[in-house]
Amino acid sequence: MAPNLTLYFSVGSCSGASYLALKVAKIPFTAIRADTKTHKIVATGEDYYQINPKGAVPSLFIDGDLLTENAAILPYIADLAPEAKLAPAAGTPLRYKLHEALSEVGVDLHKLGFGALFNPALQGEARDAQVAKLHGYLKRFDTKLSKNKWLLGETLSVADFYAAVCFSWGAFLKISYDDYPNIVRYQKDFDAVPGIAEAKAEWLSGGPKA
Ligand SMILES: N[C@@H](CCC(=O)N[C@@H](CS)C(=O)NCC(=O)O)C(=O)O
């Protein structure tokens with residue numbers, strides 16, 4: 001029997017990768033919007049720390065059991081809908097490249113690269129240094145994407161959902177991608193994946209409308 005899924009997400013955040021992957025894979029789920037600044041559920045004001053003690057999104061409840069971390073949730077989603085082909089088969093060498101990519105996106109690009117730039121207190125030289133560090137990661141991804149259509153090569157995977165959401169933060173943070181034509185091409189290709197435009201519109205508008 002298909003599991004009962006509830007995704008806690010926020011607009012614009014990394015949890016969008018799970019939101020988009022669930023939609024593209026056509027997996028039914030309940031979406032509940034959290035605010036990552038107030039740490040409250042938007043509709044009810046409920047304390048989000050009571051739902052996930054880390055206070056971070058995404059949180060995925062699978063038949064009532066909490067799963068956290070993009071690197072765990074995204075392969076879980078892909079494995080729930082093998083026909084959507086969002087992850088290489090378990091046990092194949094490419095499957096471990098997926099975990100490699102999820103770790104690289106989650107640790108380097110997301111946390112070490114973009115993460116601190118969302119803190120408005122980071123200003124001046126400290127911000128410049130962080131931007132320079134981010135450019136190092138962006139350069140590395142751009143080089144990889146000069147040879148590969150997607151992070152794993154020719155095959156779209158959930159790691160691309162995560163990376164594409166992270167790359168989308170550049171516009172908000174006013175990071176120039178002028179030196180990264182391959183990332184720009186990749187963002188366009190991602191947006192053209194069937195189902196992404198509709199899923200993105202729903203996620204960015206705060207979830208499904210009643
Ligand atoms: N390592 C976590 C990171 C999740 C994360 O940083 N989420 C951010 C949004 S992109 C968040 O919820 N920040 C608010 C907070 O941590 O209080 C994962 O991969 O799920």
# chains A, B, ... in the order shown; residues from 1 in each chain; ligands from 1

$ select_by_dssp --residues "region 34-177 of chain A" --states "alpha helix (DSSP H)" --output "PyMOL selection string"
chain A and resi 70-80+93-103+124-147+158-172

$ closest_atom_pairs --of "chain A" --to "ligand 1" --cutoff "9 Å" --atoms "only C-alpha atoms and all ligand atoms" --output "Markdown table"
| residue | atom | partner | partner_atom_place_in_ligand_line | distance |
| --- | --- | --- | --- | --- |
| A:Phe9 | CA | ligand 1 | 12 (O) | 8.2 |
| A:Ser10 | CA | ligand 1 | 9 (C) | 7.4 |
| A:Gly12 | CA | ligand 1 | 10 (S) | 7.8 |
| A:Ser13 | CA | ligand 1 | 10 (S) | 4.2 |
| A:Cys14 | CA | ligand 1 | 10 (S) | 4.0 |
| A:Ser15 | CA | ligand 1 | 10 (S) | 6.3 |
| A:Gly16 | CA | ligand 1 | 10 (S) | 8.6 |
| A:Ala34 | CA | ligand 1 | 12 (O) | 8.8 |
| A:Asp35 | CA | ligand 1 | 14 (C) | 8.2 |
| A:Thr36 | CA | ligand 1 | 14 (C) | 4.5 |
| A:Lys37 | CA | ligand 1 | 14 (C) | 6.6 |
| A:Thr38 | CA | ligand 1 | 17 (O) | 8.6 |
| A:His39 | CA | ligand 1 | 17 (O) | 6.9 |
| A:Lys54 | CA | ligand 1 | 16 (O) | 6.7 |
| A:Gly55 | CA | ligand 1 | 17 (O) | 4.9 |
| A:Ala56 | CA | ligand 1 | 12 (O) | 3.1 |
| A:Val57 | CA | ligand 1 | 12 (O) | 4.0 |
| A:Pro58 | CA | ligand 1 | 20 (O) | 5.5 |
| A:Ser59 | CA | ligand 1 | 20 (O) | 7.6 |
| A:Thr68 | CA | ligand 1 | 20 (O) | 5.8 |
| A:Glu69 | CA | ligand 1 | 20 (O) | 3.2 |
| A:Asn70 | CA | ligand 1 | 19 (O) | 3.9 |
| A:Ala71 | CA | ligand 1 | 19 (O) | 5.9 |
| A:Ala72 | CA | ligand 1 | 19 (O) | 8.0 |
| A:Ile73 | CA | ligand 1 | 20 (O) | 8.1 |
| A:Leu102 | CA | ligand 1 | 19 (O) | 8.9 |
| A:Ser103 | CA | ligand 1 | 19 (O) | 8.8 |
| A:Gly106 | CA | ligand 1 | 19 (O) | 5.8 |
| A:Val107 | CA | ligand 1 | 1 (N) | 7.7 |
| A:His110 | CA | ligand 1 | 6 (O) | 7.7 |
| A:Lys111 | CA | ligand 1 | 6 (O) | 7.0 |
| A:Gly115 | CA | ligand 1 | 6 (O) | 7.5 |
| A:Cys166 | CA | ligand 1 | 10 (S) | 8.3 |

$ atom_distance --atom1 "CA of Ala132 (chain A)" --atom2 "CA of Lys149 (chain A)"
25.5 Å

$ select_by_dssp --residues "region 8-164 of chain A" --states "strand (DSSP E or B)" --output "PyMOL selection string"
chain A and resi 8-9+30-35+40-41+47+59-62+65-68+150+153

$ residues_around --residues "Val184 (chain A)" --least-positions-apart "6" --cutoff "10 Å" --atoms "only C-alpha atoms" --output "VMD selection string"
chain A and resid 142 145 167 to 168 177 to 178 190

$ closest_atom_pairs --of "region 142-202 of chain A" --to "region 79-91 of chain A" --cutoff "8 Å" --atoms "only C-alpha atoms" --output "CSV"
residue,atom,partner,partner_atom,distance
A:Leu156,CA,A:Leu86,CA,6.2
A:Ser157,CA,A:Leu86,CA,4.2
A:Val158,CA,A:Leu86,CA,5.5

$ atom_distance --atom1 "CA of Leu152 (chain A)" --atom2 "CA of Leu94 (chain A)"
7.5 Å

$ closest_residue --among "A:Leu60, A:Ile175, A:Leu66, A:Ala199" --to "Leu117 (chain A)" --atoms "only C-alpha atoms"
A:Ile175

$ closest_residue --among "A:Leu173, A:Ala101, A:Ala21, A:Leu67" --to "Leu134 (chain A)" --atoms "only C-alpha atoms"
A:Leu173

$ decode --residues "region 125-139 of chain A" --atoms "all heavy atoms" --output "compact mmCIF listing (two decimals), in the first residue's frame"
# COMPACT_ATOMS: atom_id res chain seq x y z
N GLU A 125 33.13 43.07 4.59
CA GLU A 125 34.20 42.14 4.17
C GLU A 125 33.85 40.69 4.44
O GLU A 125 34.23 39.80 3.67
CB GLU A 125 35.50 42.50 4.92
CG GLU A 125 36.19 43.72 4.35
CD GLU A 125 37.47 44.06 5.10
OE1 GLU A 125 37.98 43.22 5.86
OE2 GLU A 125 37.94 45.20 4.92
N ALA A 126 33.12 40.47 5.52
CA ALA A 126 32.76 39.08 5.85
C ALA A 126 31.83 38.53 4.77
O ALA A 126 31.97 37.38 4.33
CB ALA A 126 32.08 39.02 7.21
N ARG A 127 30.91 39.38 4.30
CA ARG A 127 30.01 38.93 3.23
C ARG A 127 30.79 38.72 1.93
O ARG A 127 30.58 37.72 1.23
CB ARG A 127 28.86 39.93 3.01
CG ARG A 127 27.80 39.38 2.07
CD ARG A 127 26.60 40.29 1.90
NE ARG A 127 25.51 39.59 1.23
CZ ARG A 127 25.44 39.36 -0.07
NH1 ARG A 127 26.39 39.79 -0.88
NH2 ARG A 127 24.41 38.71 -0.59
N ASP A 128 31.70 39.67 1.63
CA ASP A 128 32.50 39.53 0.40
C ASP A 128 33.28 38.22 0.41
O ASP A 128 33.40 37.54 -0.62
CB ASP A 128 33.49 40.71 0.26
CG ASP A 128 32.75 42.03 0.03
OD1 ASP A 128 31.55 42.00 -0.29
OD2 ASP A 128 33.40 43.10 0.19
N ALA A 129 33.82 37.88 1.56
CA ALA A 129 34.61 36.64 1.67
C ALA A 129 33.71 35.43 1.45
O ALA A 129 34.10 34.46 0.79
CB ALA A 129 35.27 36.57 3.04
N GLN A 130 32.48 35.51 1.97
CA GLN A 130 31.55 34.39 1.80
C GLN A 130 31.13 34.27 0.33
O GLN A 130 31.03 33.17 -0.22
CB GLN A 130 30.32 34.58 2.70
CG GLN A 130 29.35 33.42 2.67
CD GLN A 130 29.95 32.10 3.12
OE1 GLN A 130 30.75 32.08 4.06
NE2 GLN A 130 29.60 31.01 2.44
N VAL A 131 30.92 35.43 -0.32
CA VAL A 131 30.55 35.42 -1.75
C VAL A 131 31.69 34.80 -2.56
O VAL A 131 31.47 33.99 -3.47
CB VAL A 131 30.19 36.84 -2.25
CG1 VAL A 131 30.08 36.88 -3.77
CG2 VAL A 131 28.88 37.31 -1.62
N ALA A 132 32.93 35.15 -2.21
CA ALA A 132 34.09 34.59 -2.93
C ALA A 132 34.13 33.07 -2.75
O ALA A 132 34.43 32.33 -3.70
CB ALA A 132 35.38 35.23 -2.41
N LYS A 133 33.82 32.62 -1.56
CA LYS A 133 33.80 31.17 -1.29
C LYS A 133 32.72 30.50 -2.15
O LYS A 133 32.95 29.46 -2.76
CB LYS A 133 33.53 30.97 0.19
CG LYS A 133 33.70 29.57 0.69
CD LYS A 133 33.59 29.56 2.21
CE LYS A 133 33.53 28.15 2.73
NZ LYS A 133 33.24 28.11 4.16
N LEU A 134 31.54 31.14 -2.18
CA LEU A 134 30.45 30.60 -3.00
C LEU A 134 30.88 30.51 -4.46
O LEU A 134 30.60 29.51 -5.14
CB LEU A 134 29.20 31.48 -2.87
CG LEU A 134 28.06 31.14 -3.84
CD1 LEU A 134 27.51 29.73 -3.59
CD2 LEU A 134 26.93 32.16 -3.73
N HIS A 135 31.57 31.55 -4.96
CA HIS A 135 31.99 31.52 -6.37
C HIS A 135 32.90 30.33 -6.65
O HIS A 135 32.88 29.77 -7.75
CB HIS A 135 32.67 32.85 -6.74
CG HIS A 135 31.67 33.92 -7.10
ND1 HIS A 135 30.82 33.81 -8.18
CD2 HIS A 135 31.38 35.10 -6.51
CE1 HIS A 135 30.03 34.88 -8.24
NE2 HIS A 135 30.35 35.68 -7.23
N GLY A 136 33.69 29.94 -5.67
CA GLY A 136 34.53 28.74 -5.84
C GLY A 136 33.68 27.51 -6.12
O GLY A 136 33.98 26.71 -7.02
N TYR A 137 32.60 27.35 -5.36
CA TYR A 137 31.70 26.20 -5.58
C TYR A 137 30.97 26.34 -6.91
O TYR A 137 30.80 25.36 -7.64
CB TYR A 137 30.69 26.08 -4.44
CG TYR A 137 31.33 25.78 -3.10
CD1 TYR A 137 31.14 26.63 -2.01
CD2 TYR A 137 32.13 24.65 -2.93
CE1 TYR A 137 31.73 26.36 -0.79
CE2 TYR A 137 32.72 24.39 -1.71
CZ TYR A 137 32.52 25.24 -0.64
OH TYR A 137 33.12 24.98 0.56
N LEU A 138 30.52 27.56 -7.22
CA LEU A 138 29.78 27.77 -8.48
C LEU A 138 30.67 27.42 -9.67
O LEU A 138 30.24 26.80 -10.63
CB LEU A 138 29.27 29.20 -8.58
CG LEU A 138 28.15 29.57 -7.58
CD1 LEU A 138 27.85 31.07 -7.65
CD2 LEU A 138 26.88 28.76 -7.86
N LYS A 139 31.94 27.83 -9.58
CA LYS A 139 32.89 27.54 -10.67
C LYS A 139 33.02 26.03 -10.84
O LYS A 139 33.02 25.51 -11.96
CB LYS A 139 34.24 28.18 -10.33
CG LYS A 139 35.33 27.97 -11.34
CD LYS A 139 35.15 28.90 -12.53
CE LYS A 139 35.69 28.29 -13.79
NZ LYS A 139 34.99 28.65 -15.00
